[in-house]
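Below is run.csv, which holds CSV, C-alpha atoms and all ligand atoms.
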```csv
chain,number,residue,atom,x,y,z
Y,14,MET,CA,-10.8,-12.6,9.7
Y,15,GLU,CA,-7.4,-14.1,10.1
Y,16,ALA,CA,-6.1,-11.2,12.2
Y,17,ALA,CA,-9.3,-11.5,14.4
Y,18,ARG,CA,-8.8,-15.2,14.9
Y,19,GLU,CA,-5.1,-14.8,15.7
Y,20,HIS,CA,-6.1,-12.3,18.4
Y,21,SER,CA,-9.1,-14.3,19.7
Y,22,VAL,CA,-11.7,-11.7,18.9
Y,23,ASP,CA,-15.0,-12.8,20.3
Y,24,GLY,CA,-17.7,-13.4,17.6
Y,25,ILE,CA,-15.3,-14.2,14.7
Y,26,VAL,CA,-15.8,-17.9,14.5
Y,27,ALA,CA,-15.0,-18.3,10.8
Y,28,ASP,CA,-16.4,-21.9,10.5
Y,29,CYS,CA,-15.6,-22.2,6.8
Y,30,GLY,CA,-12.1,-20.9,7.1
Y,31,GLY,CA,-12.6,-18.0,4.7
Y,32,GLY,CA,-14.6,-19.7,2.0
Y,33,ALA,CA,-17.4,-17.2,2.1
Y,34,ILE,CA,-19.9,-19.9,3.0
Y,35,CYS,CA,-20.7,-19.6,6.7
Y,36,GLY,CA,-21.1,-15.9,7.5
Y,37,THR,CA,-19.7,-16.3,11.0
Y,38,CYS,CA,-17.0,-13.7,10.3
Y,39,HIS,CA,-19.5,-10.9,9.7
Y,40,VAL,CA,-18.4,-7.5,10.8
Y,41,ILE,CA,-19.9,-4.0,10.5
Y,42,VAL,CA,-17.4,-1.6,8.9
Y,43,HIS,CA,-17.2,1.9,10.2
Y,44,PRO,CA,-18.8,4.2,7.5
Y,45,GLN,CA,-15.6,6.2,7.2
Y,46,TRP,CA,-13.7,3.1,6.1
Y,47,PHE,CA,-16.4,1.3,4.0
Y,48,PRO,CA,-15.7,3.2,0.7
Y,49,LYS,CA,-12.1,2.2,0.8
Y,50,LEU,CA,-12.9,-1.5,0.5
Y,51,GLU,CA,-13.1,-3.5,-2.6
Y,52,ALA,CA,-16.7,-4.2,-3.6
Y,53,ALA,CA,-18.3,-7.4,-2.3
Y,54,ASN,CA,-19.3,-10.1,-4.8
Y,55,ASN,CA,-22.8,-11.5,-5.1
Y,56,THR,CA,-22.1,-14.5,-2.8
Y,57,GLU,CA,-20.9,-12.2,0.0
Y,58,LEU,CA,-23.8,-9.8,-0.5
Y,59,ALA,CA,-26.3,-12.7,-0.2
Y,60,LEU,CA,-24.6,-14.0,3.0
Y,61,VAL,CA,-24.4,-10.6,4.8
Y,62,GLU,CA,-28.0,-9.8,3.9
Y,63,PHE,CA,-29.1,-12.5,6.4
Y,64,ALA,CA,-26.4,-12.1,9.0
Y,65,PRO,CA,-27.4,-11.0,12.5
Y,66,GLU,CA,-27.6,-7.2,12.7
Y,67,SER,CA,-26.8,-6.8,9.0
Y,68,CYS,CA,-26.5,-3.2,7.8
Y,69,PRO,CA,-25.4,-1.3,4.7
Y,70,THR,CA,-21.7,-1.5,5.8
Y,71,SER,CA,-21.8,-5.2,6.7
Y,72,ARG,CA,-19.0,-7.3,5.2
Y,73,LEU,CA,-17.6,-10.8,5.6
Y,74,SER,CA,-14.2,-10.1,7.2
Y,75,CYS,CA,-12.7,-13.1,5.4
Y,76,GLN,CA,-13.3,-11.3,2.1
Y,77,LEU,CA,-11.5,-8.1,3.2
Y,78,VAL,CA,-8.0,-8.0,1.7
Y,79,MET,CA,-5.9,-5.8,4.0
Y,80,THR,CA,-3.7,-3.2,2.4
Y,81,ALA,CA,-1.6,-0.3,3.7
Y,82,GLU,CA,-4.6,2.0,2.9
Y,83,LEU,CA,-6.7,0.0,5.4
Y,84,ASP,CA,-4.2,0.3,8.2
Y,85,GLY,CA,-6.4,1.4,11.2
Y,86,ILE,CA,-9.7,0.1,9.8
Y,87,GLU,CA,-12.5,0.1,12.4
Y,88,VAL,CA,-15.1,-2.6,12.5
Y,89,THR,CA,-17.7,-3.9,15.0
Y,90,VAL,CA,-18.5,-7.5,15.6
Y,91,PRO,CA,-22.3,-7.8,15.9
Y,92,SER,CA,-23.3,-8.6,19.4
Y,93,GLU,CA,-25.5,-11.5,18.3
Y,94,GLN,CA,-22.5,-13.3,17.1
Y,95,ILE,CA,-20.7,-13.2,20.4
Y,96,PRO,CA,-21.1,-16.5,22.2
Y,97,TYR,CA,-21.8,-16.0,25.9
S,101,LIG,S1,-15.1,-17.4,7.4
S,101,LIG,FE1,-16.9,-18.3,6.6
S,101,LIG,S2,-17.8,-16.7,5.6
S,101,LIG,FE2,-16.0,-15.8,6.3
```
Spit out the file's structure as structure tokens when you get a sec.
Ligand code: FES
Amino acid sequence: MEAAREHSVDGIVADCGGGAICGTCHVIVHPQWFPKLEAANNTELALVEFAPESCPTSRLSCQLVMTAELDGIEVTVPSEQIPY
């Protein structure tokens, strides 16, 4: 989430600043990368369940801790989140 905001990625609003409250940092993780992520906690699971375009590889980007193993991770920002 922080990297996306620093690079002005459309659709990553992050209203709560990373508190896992708003759901406006929802991303869809490429299936190849999803198994490499730490598991989501119940709060995150509850939020992504109701996020626009939620799918089995949905995550809150603010909860993803970047590591060297995740270098190159591919995610998609749901189109409904992008303000036009
Ligand atoms: S920034 Fe609010 S849930 Fe991620």
Using only C-alpha atoms and all ligand atoms, which of Y:Cys35, Y:Val26, Y:Leu60, Y:Leu50 sits nearest ligand LIG 101 (chain S)?
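Checking each candidate against ligand LIG 101 (chain S), we get Y:Cys35 as the closest.
Distances here use all atoms listed in the file; by that measure, the residue among Y:Ala27, Y:Leu83, Y:Ala59, Y:Val90 closest to ligand LIG 101 (chain S) is Y:Ala27.
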If I wrap all listed atoms of stretch 14-22 of chain Y in a box with edges along x, y and z and add 6 Å on each side, what are its centre and edge lengths in Å to one decimal, as JSON?
```
{"center_x": -8.4, "center_y": -13.2, "center_z": 14.7, "size_x": 18.6, "size_y": 16.0, "size_z": 22.0}
```
Residues of chain Y at most 10 Å from ligand LIG 101 (chain S): nearest atom pair and distance in Å, all atoms listed in the file, as a tab-separated table:
```
residue	atom	partner	partner_atom	distance
Y:Met14	CA	S:LIG101	S1	6.8
Y:Glu15	CA	S:LIG101	S1	8.8
Y:Ile25	CA	S:LIG101	S1	8.0
Y:Val26	CA	S:LIG101	S1	7.2
Y:Ala27	CA	S:LIG101	S1	3.5
Y:Asp28	CA	S:LIG101	FE1	5.3
Y:Cys29	CA	S:LIG101	FE1	4.1
Y:Gly30	CA	S:LIG101	S1	4.6
Y:Gly31	CA	S:LIG101	S1	3.7
Y:Gly32	CA	S:LIG101	FE1	5.3
Y:Ala33	CA	S:LIG101	S2	3.6
Y:Ile34	CA	S:LIG101	S2	4.6
Y:Cys35	CA	S:LIG101	FE1	4.0
Y:Gly36	CA	S:LIG101	S2	3.9
Y:Thr37	CA	S:LIG101	FE1	5.6
Y:Cys38	CA	S:LIG101	FE2	4.6
Y:His39	CA	S:LIG101	FE2	6.9
Y:Val40	CA	S:LIG101	FE2	9.7
Y:Thr56	CA	S:LIG101	S2	9.7
Y:Glu57	CA	S:LIG101	S2	7.8
Y:Leu60	CA	S:LIG101	S2	7.8
Y:Val61	CA	S:LIG101	S2	9.0
Y:Arg72	CA	S:LIG101	FE2	9.1
Y:Leu73	CA	S:LIG101	FE2	5.3
Y:Ser74	CA	S:LIG101	FE2	6.0
Y:Cys75	CA	S:LIG101	FE2	4.4
Y:Gln76	CA	S:LIG101	FE2	6.7
Y:Leu77	CA	S:LIG101	FE2	9.4
```
Taking into account only C-alpha atoms, which residue in the set Y:Ala16, Y:Cys68, Y:Leu58, Y:Ala52 is nearest to Y:Pro91?
Y:Cys68
Work out how far atom CA of Y:Val42 is from atom CA of Y:Ser21, in Å to one decimal.
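Atom CA of Y:Ser21 sits 18.6 Å away from atom CA of Y:Val42.
With distances restricted to all atoms listed in the file, Y:Glu51 is the closest residue to Y:Thr80 from Y:Glu51, Y:Pro44, Y:Ala64, Y:Glu19.
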Find the distance between atom CA of Y:Phe47 and atom CA of Y:Asp84 and write it in Å to one decimal.
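About the pair atom CA of Y:Phe47 and atom CA of Y:Asp84: they are 12.9 Å apart.
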re atom CA of Y:Asn55 and atom CA of Y:His20: distance 28.8 Å
Tell me which of Y:Pro69, Y:Gly24, Y:Glu93, Y:Asn54 sits closest to Y:Ile41, counting all atoms listed in the file.
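The shortest atom-to-atom distance to Y:Ile41 comes from Y:Pro69.
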Find the residue from Y:Pro48, Y:Val22, Y:Ala53, Y:Glu66 that sits nearest to Y:Ser92; use all atoms listed in the file when measuring.
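With all atoms listed in the file as the atom set, the closest residue is Y:Glu66.
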With C-alpha atoms as the atom set, please write stretch 36-78 of chain Y from the structure just given, as a CSV table (one decimal), in the first residue's frame.
```
chain,number,residue,atom,x,y,z
Y,36,GLY,CA,-10.7,-1.7,2.6
Y,37,THR,CA,-9.7,1.0,0.1
Y,38,CYS,CA,-6.3,-0.6,-0.5
Y,39,HIS,CA,-7.8,-3.9,-1.9
Y,40,VAL,CA,-5.7,-5.7,-4.5
Y,41,ILE,CA,-6.0,-9.0,-6.3
Y,42,VAL,CA,-2.8,-10.9,-6.0
Y,43,HIS,CA,-1.6,-12.9,-9.0
Y,44,PRO,CA,-2.2,-16.6,-8.2
Y,45,GLN,CA,1.5,-17.4,-8.7
Y,46,TRP,CA,2.3,-15.0,-5.8
Y,47,PHE,CA,-0.5,-15.6,-3.5
Y,48,PRO,CA,0.9,-18.7,-1.7
Y,49,LYS,CA,4.1,-16.7,-0.8
Y,50,LEU,CA,2.1,-14.3,1.4
Y,51,GLU,CA,1.6,-14.5,5.1
Y,52,ALA,CA,-1.9,-15.6,5.9
Y,53,ALA,CA,-4.6,-12.9,6.3
Y,54,ASN,CA,-6.1,-12.5,9.8
Y,55,ASN,CA,-9.9,-12.6,10.4
Y,56,THR,CA,-10.2,-8.8,10.3
Y,57,GLU,CA,-8.7,-8.6,6.8
Y,58,LEU,CA,-10.7,-11.6,5.6
Y,59,ALA,CA,-13.9,-9.9,6.7
Y,60,LEU,CA,-13.0,-6.7,4.8
Y,61,VAL,CA,-11.9,-8.3,1.6
Y,62,GLU,CA,-15.0,-10.5,1.4
Y,63,PHE,CA,-17.1,-7.4,0.8
Y,64,ALA,CA,-14.6,-5.4,-1.3
Y,65,PRO,CA,-15.5,-4.7,-4.9
Y,66,GLU,CA,-14.5,-7.6,-7.2
Y,67,SER,CA,-13.4,-9.7,-4.3
Y,68,CYS,CA,-11.9,-13.0,-5.2
Y,69,PRO,CA,-9.9,-15.9,-3.5
Y,70,THR,CA,-6.6,-14.1,-4.0
Y,71,SER,CA,-7.9,-10.7,-2.7
Y,72,ARG,CA,-5.8,-9.0,0.0
Y,73,LEU,CA,-5.5,-5.6,1.7
Y,74,SER,CA,-2.3,-4.3,0.4
Y,75,CYS,CA,-1.7,-2.5,3.7
Y,76,GLN,CA,-1.3,-5.9,5.3
Y,77,LEU,CA,1.3,-7.2,2.9
Y,78,VAL,CA,4.7,-7.1,4.4
```
